[in-house]
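S.K.: Provided herewith: start.tsv, TSV, C-alpha atoms.
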```
chain	number	residue	atom	x	y	z
A	1	MET	CA	-146.79	-129.61	99.20
A	2	ASP	CA	-143.59	-128.67	97.40
A	3	PRO	CA	-143.09	-130.82	94.26
A	4	VAL	CA	-139.63	-131.96	95.38
A	5	ILE	CA	-141.26	-133.71	98.37
A	6	PHE	CA	-143.21	-135.89	95.95
A	7	PHE	CA	-139.90	-137.17	94.57
A	8	PHE	CA	-138.92	-138.23	98.10
A	9	LEU	CA	-142.28	-139.97	98.61
A	10	PHE	CA	-141.94	-141.66	95.22
A	11	GLY	CA	-138.51	-143.04	96.16
A	12	LEU	CA	-139.78	-144.13	99.58
A	13	VAL	CA	-142.78	-146.01	98.15
A	14	ALA	CA	-140.68	-147.57	95.37
A	15	GLY	CA	-138.18	-148.78	97.95
A	16	LEU	CA	-140.84	-150.18	100.28
A	17	LEU	CA	-142.35	-152.06	97.33
A	18	ARG	CA	-138.88	-153.46	96.55
A	19	SER	CA	-138.76	-151.89	93.13
A	20	GLU	CA	-135.58	-152.28	91.08
A	21	LEU	CA	-135.33	-148.48	90.87
A	22	LYS	CA	-131.89	-147.29	91.96
A	23	LEU	CA	-129.74	-144.29	91.12
A	24	PRO	CA	-126.09	-145.05	90.26
A	25	SER	CA	-123.86	-144.37	93.28
A	26	ALA	CA	-121.68	-142.06	91.17
A	27	LEU	CA	-124.75	-139.96	90.30
A	28	TYR	CA	-125.76	-139.75	93.95
A	29	ASP	CA	-122.27	-138.52	94.88
A	30	SER	CA	-122.39	-135.99	92.02
A	31	LEU	CA	-125.76	-134.66	93.16
A	32	SER	CA	-124.42	-134.27	96.71
A	33	ILE	CA	-121.39	-132.32	95.47
A	34	PHE	CA	-123.61	-130.09	93.32
A	35	LEU	CA	-125.98	-129.25	96.18
A	36	LEU	CA	-123.19	-128.50	98.64
A	37	LEU	CA	-121.39	-126.25	96.16
A	38	ALA	CA	-124.62	-124.48	95.16
A	39	ILE	CA	-125.52	-123.79	98.80
A	40	GLY	CA	-122.01	-122.49	99.46
A	41	LEU	CA	-121.99	-120.28	96.35
A	42	LYS	CA	-125.37	-118.77	97.24
A	43	GLY	CA	-124.24	-117.99	100.76
A	44	GLY	CA	-120.90	-116.59	99.62
A	45	GLN	CA	-122.62	-114.39	97.07
A	46	GLY	CA	-124.71	-112.83	99.82
A	47	LEU	CA	-121.74	-112.46	102.16
A	48	ALA	CA	-119.90	-110.45	99.50
A	49	THR	CA	-122.36	-107.62	100.11
A	50	GLN	CA	-121.95	-107.38	103.92
A	51	PRO	CA	-119.19	-107.18	106.59
A	52	LEU	CA	-118.09	-110.44	108.21
A	53	LEU	CA	-117.18	-109.24	111.72
A	54	PRO	CA	-120.81	-108.94	112.95
A	55	LEU	CA	-121.26	-112.65	112.23
A	56	LEU	CA	-118.95	-113.72	115.07
A	57	PRO	CA	-121.65	-113.56	117.80
A	58	GLN	CA	-123.95	-115.66	115.61
A	59	ILE	CA	-121.22	-118.24	115.04
A	60	ALA	CA	-120.56	-118.42	118.79
A	61	ALA	CA	-124.28	-118.80	119.50
A	62	VAL	CA	-124.77	-121.73	117.11
A	63	ILE	CA	-121.70	-123.49	118.53
A	64	VAL	CA	-123.27	-123.27	122.01
A	65	LEU	CA	-126.56	-124.47	120.51
A	66	GLY	CA	-124.92	-127.53	118.94
A	67	VAL	CA	-123.09	-128.45	122.17
A	68	ALA	CA	-126.29	-128.09	124.22
A	69	GLN	CA	-128.29	-130.25	121.80
A	70	THR	CA	-125.65	-133.00	121.88
A	71	LEU	CA	-125.54	-133.09	125.69
A	72	ILE	CA	-129.34	-133.10	125.98
A	73	ALA	CA	-129.67	-135.90	123.43
A	74	TYR	CA	-127.01	-137.98	125.21
A	75	ALA	CA	-128.72	-137.58	128.59
A	76	ALA	CA	-132.11	-138.53	127.13
A	77	LEU	CA	-130.76	-141.58	125.28
A	78	LYS	CA	-128.95	-142.85	128.39
A	79	THR	CA	-131.61	-142.20	131.02
A	80	LEU	CA	-134.92	-142.44	129.17
A	81	PHE	CA	-134.19	-144.88	126.35
A	82	GLY	CA	-131.55	-147.13	127.94
A	83	PHE	CA	-128.87	-146.78	125.25
A	84	ASP	CA	-125.36	-147.91	126.11
A	85	ARG	CA	-122.62	-145.28	126.18
A	86	PRO	CA	-121.15	-145.77	122.67
A	87	ASN	CA	-124.52	-145.78	120.88
A	88	ALA	CA	-125.86	-142.91	122.99
A	89	ALA	CA	-122.77	-140.82	122.21
A	90	ALA	CA	-122.87	-141.63	118.49
A	91	MET	CA	-126.57	-140.90	118.13
A	92	SER	CA	-126.36	-137.70	120.19
A	93	ALA	CA	-123.63	-136.47	117.83
A	94	HIS	CA	-125.98	-137.07	114.88
A	95	TYR	CA	-128.69	-134.99	116.55
A	96	GLY	CA	-126.37	-132.22	117.69
A	97	SER	CA	-125.13	-131.79	114.11
A	98	VAL	CA	-127.14	-130.80	111.02
A	99	SER	CA	-128.49	-132.18	107.75
A	100	VAL	CA	-127.44	-130.48	104.51
A	101	ALA	CA	-130.33	-132.14	102.64
A	102	THR	CA	-132.84	-130.71	105.12
A	103	PHE	CA	-131.22	-127.29	104.68
A	104	ALA	CA	-131.59	-127.62	100.90
A	105	VAL	CA	-135.27	-128.58	101.16
A	106	ALA	CA	-135.95	-125.71	103.58
A	107	ALA	CA	-134.13	-123.25	101.32
A	108	ALA	CA	-136.24	-124.38	98.34
A	109	TRP	CA	-139.42	-124.20	100.48
A	110	LEU	CA	-138.65	-120.63	101.56
A	111	ALA	CA	-137.63	-119.53	98.04
A	112	SER	CA	-140.85	-120.89	96.53
A	113	ARG	CA	-142.77	-118.63	98.91
A	114	ASP	CA	-140.52	-115.59	98.37
A	115	ILE	CA	-139.37	-115.67	101.99
A	116	ASP	CA	-135.88	-114.24	102.35
A	117	MET	CA	-133.28	-115.42	104.85
A	118	GLU	CA	-129.89	-114.09	105.83
A	119	PRO	CA	-127.05	-115.17	103.47
A	120	GLN	CA	-124.85	-116.23	106.39
A	121	MET	CA	-127.10	-119.24	107.05
A	122	ALA	CA	-124.74	-121.28	104.84
A	123	ILE	CA	-121.85	-120.36	107.15
A	124	LEU	CA	-123.90	-121.34	110.21
A	125	LEU	CA	-124.71	-124.63	108.48
A	126	ALA	CA	-121.00	-125.42	108.09
A	127	VAL	CA	-120.18	-124.34	111.66
A	128	MET	CA	-122.97	-126.46	113.15
A	129	GLU	CA	-121.58	-129.65	111.58
A	130	ILE	CA	-118.48	-129.71	113.78
A	131	PRO	CA	-119.11	-129.20	117.56
A	132	ALA	CA	-121.39	-132.22	117.93
A	133	ILE	CA	-118.75	-134.52	116.44
A	134	LEU	CA	-116.14	-133.44	118.99
A	135	ILE	CA	-118.56	-133.58	121.93
A	136	GLY	CA	-119.82	-137.00	120.83
A	137	ILE	CA	-116.26	-138.33	120.82
A	138	VAL	CA	-115.61	-137.02	124.32
A	139	LEU	CA	-118.90	-138.50	125.58
A	140	ALA	CA	-118.00	-141.89	124.13
A	141	ARG	CA	-114.37	-142.07	125.11
A	142	GLY	CA	-113.46	-139.23	127.40
A	143	VAL	CA	-110.16	-137.46	126.81
A	144	SER	CA	-107.66	-140.24	126.17
A	145	ARG	CA	-104.11	-140.43	124.90
A	146	ASP	CA	-105.20	-143.24	122.61
A	147	THR	CA	-107.63	-141.03	120.68
A	148	ASP	CA	-106.35	-140.21	117.21
A	149	TRP	CA	-107.28	-136.52	117.32
A	150	LYS	CA	-105.39	-135.79	114.13
A	151	SER	CA	-107.55	-138.16	112.06
A	152	LEU	CA	-110.71	-137.08	113.81
A	153	GLY	CA	-109.91	-133.40	113.41
A	154	HIS	CA	-109.24	-133.95	109.72
A	155	GLU	CA	-112.60	-135.73	109.34
A	156	ALA	CA	-114.48	-133.05	111.28
A	157	PHE	CA	-112.92	-129.94	109.75
A	158	LEU	CA	-111.91	-131.19	106.29
A	159	GLY	CA	-114.62	-133.74	105.52
A	160	LYS	CA	-116.27	-133.54	102.11
A	161	GLY	CA	-119.35	-131.66	103.28
A	162	VAL	CA	-117.58	-128.92	105.22
A	163	THR	CA	-114.88	-128.52	102.54
A	164	LEU	CA	-117.41	-128.11	99.72
A	165	LEU	CA	-119.56	-125.67	101.70
A	166	LEU	CA	-116.63	-123.50	102.74
A	167	GLY	CA	-115.02	-123.72	99.29
A	168	GLY	CA	-118.27	-122.70	97.62
A	169	MET	CA	-118.70	-119.80	100.03
A	170	ALA	CA	-115.14	-118.62	99.41
A	171	ILE	CA	-115.70	-118.68	95.64
A	172	GLY	CA	-119.06	-116.92	95.96
A	173	TRP	CA	-117.60	-114.28	98.26
A	174	ALA	CA	-114.56	-113.68	95.99
A	175	ALA	CA	-116.59	-113.55	92.76
A	176	GLY	CA	-119.59	-111.63	94.10
A	177	PRO	CA	-123.05	-111.51	92.49
A	178	GLU	CA	-121.76	-110.17	89.17
A	179	GLY	CA	-118.94	-112.67	88.89
A	180	LEU	CA	-121.27	-115.62	89.48
A	181	LYS	CA	-123.73	-114.67	86.75
A	182	PRO	CA	-122.09	-116.83	84.03
A	183	ILE	CA	-122.53	-119.98	86.16
A	184	GLY	CA	-125.79	-118.96	87.82
A	185	GLY	CA	-127.84	-120.86	85.27
A	186	LEU	CA	-126.19	-124.11	86.35
A	187	TYR	CA	-125.90	-123.71	90.12
A	188	PHE	CA	-128.95	-121.58	90.91
A	189	ASP	CA	-131.54	-122.17	88.18
A	190	LEU	CA	-131.14	-125.95	88.20
A	191	PHE	CA	-130.92	-126.24	92.01
A	192	LYS	CA	-134.47	-127.43	92.56
A	193	GLY	CA	-134.36	-130.01	89.77
A	194	VAL	CA	-131.16	-131.51	91.15
A	195	LEU	CA	-132.66	-131.47	94.65
A	196	ALA	CA	-135.65	-133.45	93.34
A	197	LEU	CA	-133.37	-136.21	92.01
A	198	PHE	CA	-131.39	-136.22	95.25
A	199	LEU	CA	-134.59	-136.61	97.27
A	200	LEU	CA	-135.69	-139.50	95.04
A	201	GLU	CA	-132.55	-141.36	96.10
A	202	MET	CA	-133.07	-140.27	99.72
A	203	GLY	CA	-136.50	-141.88	99.65
A	204	LEU	CA	-134.93	-145.12	98.46
A	205	ILE	CA	-132.30	-144.93	101.23
A	206	VAL	CA	-134.90	-144.27	103.93
A	207	SER	CA	-136.88	-147.32	102.82
A	208	ARG	CA	-133.86	-149.47	103.72
A	209	GLN	CA	-134.03	-148.38	107.37
A	210	VAL	CA	-137.37	-150.10	107.98
A	211	ASN	CA	-135.85	-153.30	109.42
A	212	GLU	CA	-133.83	-151.39	112.00
A	213	LEU	CA	-136.92	-149.37	112.92
A	214	LYS	CA	-138.81	-152.61	113.47
A	215	ARG	CA	-136.05	-153.92	115.72
A	216	ARG	CA	-135.79	-150.77	117.84
A	217	GLY	CA	-139.51	-150.10	117.70
A	218	LEU	CA	-141.11	-147.23	119.53
A	219	SER	CA	-137.94	-145.82	121.14
A	220	LEU	CA	-136.42	-144.68	117.83
A	221	ILE	CA	-139.68	-143.14	116.67
A	222	VAL	CA	-140.30	-141.27	119.93
A	223	PHE	CA	-136.73	-139.96	120.08
A	224	GLY	CA	-136.60	-139.29	116.31
A	225	VAL	CA	-139.60	-136.96	116.59
A	226	GLY	CA	-139.29	-135.70	120.17
A	227	MET	CA	-135.65	-134.60	119.98
A	228	PRO	CA	-136.16	-132.49	116.82
A	229	LEU	CA	-139.13	-130.74	118.42
A	230	LEU	CA	-137.08	-129.95	121.53
A	231	SER	CA	-134.15	-128.79	119.40
A	232	ALA	CA	-136.52	-126.70	117.29
A	233	GLY	CA	-137.51	-124.79	120.42
A	234	LEU	CA	-133.85	-124.11	121.21
A	235	GLY	CA	-133.17	-123.03	117.62
A	236	LEU	CA	-136.25	-120.79	117.61
A	237	ALA	CA	-135.13	-119.04	120.79
A	238	THR	CA	-131.55	-118.67	119.50
A	239	GLY	CA	-132.68	-117.21	116.18
A	240	HIS	CA	-134.99	-114.77	117.95
A	241	LEU	CA	-132.24	-113.63	120.35
A	242	LEU	CA	-129.90	-113.10	117.39
A	243	GLY	CA	-132.47	-110.86	115.73
A	244	LEU	CA	-132.82	-112.94	112.57
A	245	SER	CA	-135.65	-112.42	110.09
A	246	VAL	CA	-138.62	-114.79	110.00
A	247	GLY	CA	-136.91	-116.70	107.17
A	248	GLY	CA	-133.64	-116.81	109.10
A	249	VAL	CA	-135.35	-118.01	112.29
A	250	THR	CA	-137.19	-120.66	110.27
A	251	MET	CA	-133.94	-121.91	108.79
A	252	LEU	CA	-132.03	-121.92	112.09
A	253	THR	CA	-134.93	-123.75	113.74
A	254	THR	CA	-134.90	-126.28	110.91
A	255	LEU	CA	-131.15	-126.77	111.22
A	256	ALA	CA	-131.40	-127.26	114.97
A	257	ALA	CA	-134.17	-129.82	114.46
A	258	SER	CA	-132.27	-131.76	111.78
A	259	ALA	CA	-129.84	-134.64	112.25
A	260	SER	CA	-126.67	-135.45	110.33
A	261	TYR	CA	-126.31	-138.55	108.20
A	262	ILE	CA	-123.13	-137.72	106.23
A	263	ALA	CA	-120.40	-136.01	108.26
A	264	VAL	CA	-121.16	-137.53	111.66
A	265	PRO	CA	-121.40	-141.19	110.57
A	266	ALA	CA	-118.01	-140.90	108.87
A	267	ALA	CA	-116.42	-139.44	112.00
A	268	MET	CA	-118.12	-141.88	114.37
A	269	ARG	CA	-116.87	-144.85	112.37
A	270	ILE	CA	-113.33	-143.69	113.19
A	271	ALA	CA	-113.90	-142.59	116.79
A	272	VAL	CA	-116.54	-145.01	118.11
A	273	PRO	CA	-116.31	-148.22	116.04
A	274	GLU	CA	-118.23	-150.18	118.69
A	275	ALA	CA	-121.37	-148.11	118.08
A	276	ASN	CA	-123.88	-149.58	115.63
A	277	PRO	CA	-124.22	-147.06	112.74
A	278	ALA	CA	-127.51	-148.63	111.62
A	279	VAL	CA	-129.18	-147.45	114.84
A	280	SER	CA	-128.19	-143.81	114.38
A	281	LEU	CA	-129.05	-143.82	110.67
A	282	ALA	CA	-132.43	-145.43	111.33
A	283	GLY	CA	-133.25	-142.55	113.66
A	284	SER	CA	-131.80	-139.67	111.66
A	285	LEU	CA	-132.74	-140.94	108.18
A	286	GLY	CA	-135.66	-143.23	108.88
A	287	VAL	CA	-137.58	-140.95	111.26
A	288	THR	CA	-136.22	-137.42	111.63
A	289	PHE	CA	-135.48	-136.58	108.00
A	290	PRO	CA	-138.97	-137.57	106.71
A	291	PHE	CA	-140.63	-135.84	109.67
A	292	ASN	CA	-138.77	-132.60	109.03
A	293	ILE	CA	-139.33	-132.36	105.29
A	294	LEU	CA	-142.96	-133.49	105.41
A	295	LEU	CA	-144.21	-131.72	108.55
A	296	GLY	CA	-141.37	-129.97	110.34
A	297	ILE	CA	-140.44	-127.14	107.98
A	298	PRO	CA	-144.00	-125.71	107.71
A	299	LEU	CA	-144.35	-126.11	111.48
A	300	TYR	CA	-141.06	-124.28	112.17
A	301	HIS	CA	-142.06	-121.44	109.84
A	302	TRP	CA	-145.40	-121.15	111.64
A	303	MET	CA	-143.54	-121.02	114.99
A	304	ALA	CA	-141.21	-118.31	113.68
A	305	THR	CA	-144.13	-116.31	112.33
A	306	GLN	CA	-146.04	-116.56	115.62
A	307	LEU	CA	-142.96	-115.51	117.59
A	308	ALA	CA	-142.38	-112.52	115.29
A	309	GLY	CA	-146.05	-111.52	115.62
A	310	ALA	CA	-145.91	-111.75	119.42
A	311	THR	CA	-142.80	-109.55	119.63
A	312	PRO	CA	-143.65	-105.88	120.24
```
Transcribe the structure of this file into structure tokens.

M.R.:
Amino acid sequence: MDPVIFFFLFGLVAGLLRSELKLPSALYDSLSIFLLLAIGLKGGQGLATQPLLPLLPQIAAVIVLGVAQTLIAYAALKTLFGFDRPNAAAMSAHYGSVSVATFAVAAAWLASRDIDMEPQMAILLAVMEIPAILIGIVLARGVSRDTDWKSLGHEAFLGKGVTLLLGGMAIGWAAGPEGLKPIGGLYFDLFKGVLALFLLEMGLIVSRQVNELKRRGLSLIVFGVGMPLLSAGLGLATGHLLGLSVGGVTMLTTLAASASYIAVPAAMRIAVPEANPAVSLAGSLGVTFPFNILLGIPLYHWMATQLAGATP
């Protein structure tokens, strides 16, 4: 098991035991900013060495993937799990979007095994944050004159996560590999250490979702594991059709299987205030995030490897 996962487990156990351990909120925000910028810089550095036009079909494909996942999740939550419309829409938006922390763990997992992936995965990460938010709003409210699309559009396209990712990619692309060397020691060499501290705090946060999991019981656990596995299949097929490498397919499958807990909750608070955010966070953070980083990523890589081996 990757050492950074032990930091997550440490935080989880400490939280469940009601330890006084807690990272300062300012440090947690700083770690988030660092990781988002580092991911963006790494992706932009790779993009500086290749043309951008061929990426358009991939961007279109992941937009379709995110929309499909959101609609499938909404239908399942309404028909199989009995969620009301606002909570079904809000949670489906979480599961149609992506988790930056899961991306960071998967990137570290692949790097530790010398498995390369396409540099544009950071762009696809940023793109996949947005469609689910817009679809979730439409599912919850329909198209209404009362909807404040300006505020929602600002939150979706200019939220902290998307802004930092795109800004980092722009800097990485403009500077190129040589230009980034002076700051590479900070953003690239220290990436895994910062990720370990971030996951320690994530473990503490997940431990706080236990009460909501107890209230919702089996439904959140079944959906929180079942939906990622279904989405992983869609991501696997999409990555294969796009001709990505084994590392790229693994990452796209991981992204498809992940669930947002930063960008989407912020947008849903504005658009669907009647939805209970604790329910969506209990599923995405309390079930799906631990499942993906403990079991999912190795499983998705195995799936990608088997698919590549079966392809003539």

S.K.: Between A:Leu27, A:Leu125, A:Ala88, A:Ile297, single out the one closest to Leu139 (chain A), counting only C-alpha atoms.

M.R.: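 Using only C-alpha atoms, Leu139 (chain A) sits closest to A:Ala88.
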
S.K.: Considering only C-alpha atoms, can you say which of A:Leu218, A:Val246, A:Ala140, A:Val64 comes closest to Gly309 (chain A)?

M.R.: A:Val246

S.K.: Do you know which residues are at most 9 Å from Val206 (chain A) counting all atoms listed in the file, after dropping those on the same chain fewer than 4 positions away, and could you put them as a PyMOL selection string?

M.R.: chain A and resi 11-12+15+201-202+210+281-282+285-287+289-290

S.K.: Work out how far CA of Ser92 (chain A) is from CA of Ala263 (chain A), in Å to one decimal.

M.R.: 13.4 Å

S.K.: Could you jot down the CA of Ile133 (chain A) to CA of Leu241 (chain A) separation for me, Å, one decimal place?

M.R.: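 Distance between the two atoms: 25.2 Å.
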
S.K.: Could you check which of A:Ala232, A:Tyr74, A:Gly153, A:Gln50 is closest to Ala266 (chain A), using all atoms listed in the file?

M.R.: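 Checking each candidate against Ala266 (chain A), we get A:Gly153 as the closest.
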
S.K.: Pick out the closest residue to Gly296 (chain A) from this set: A:Ala26, A:Leu16, A:Val225, A:Ala174. Count all atoms listed in the file.

M.R.: A:Val225

S.K.: So what do you get for CA of Ala267 (chain A) versus CA of Trp173 (chain A), distance-wise?

M.R.: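 Those two atoms sit 28.7 Å apart.
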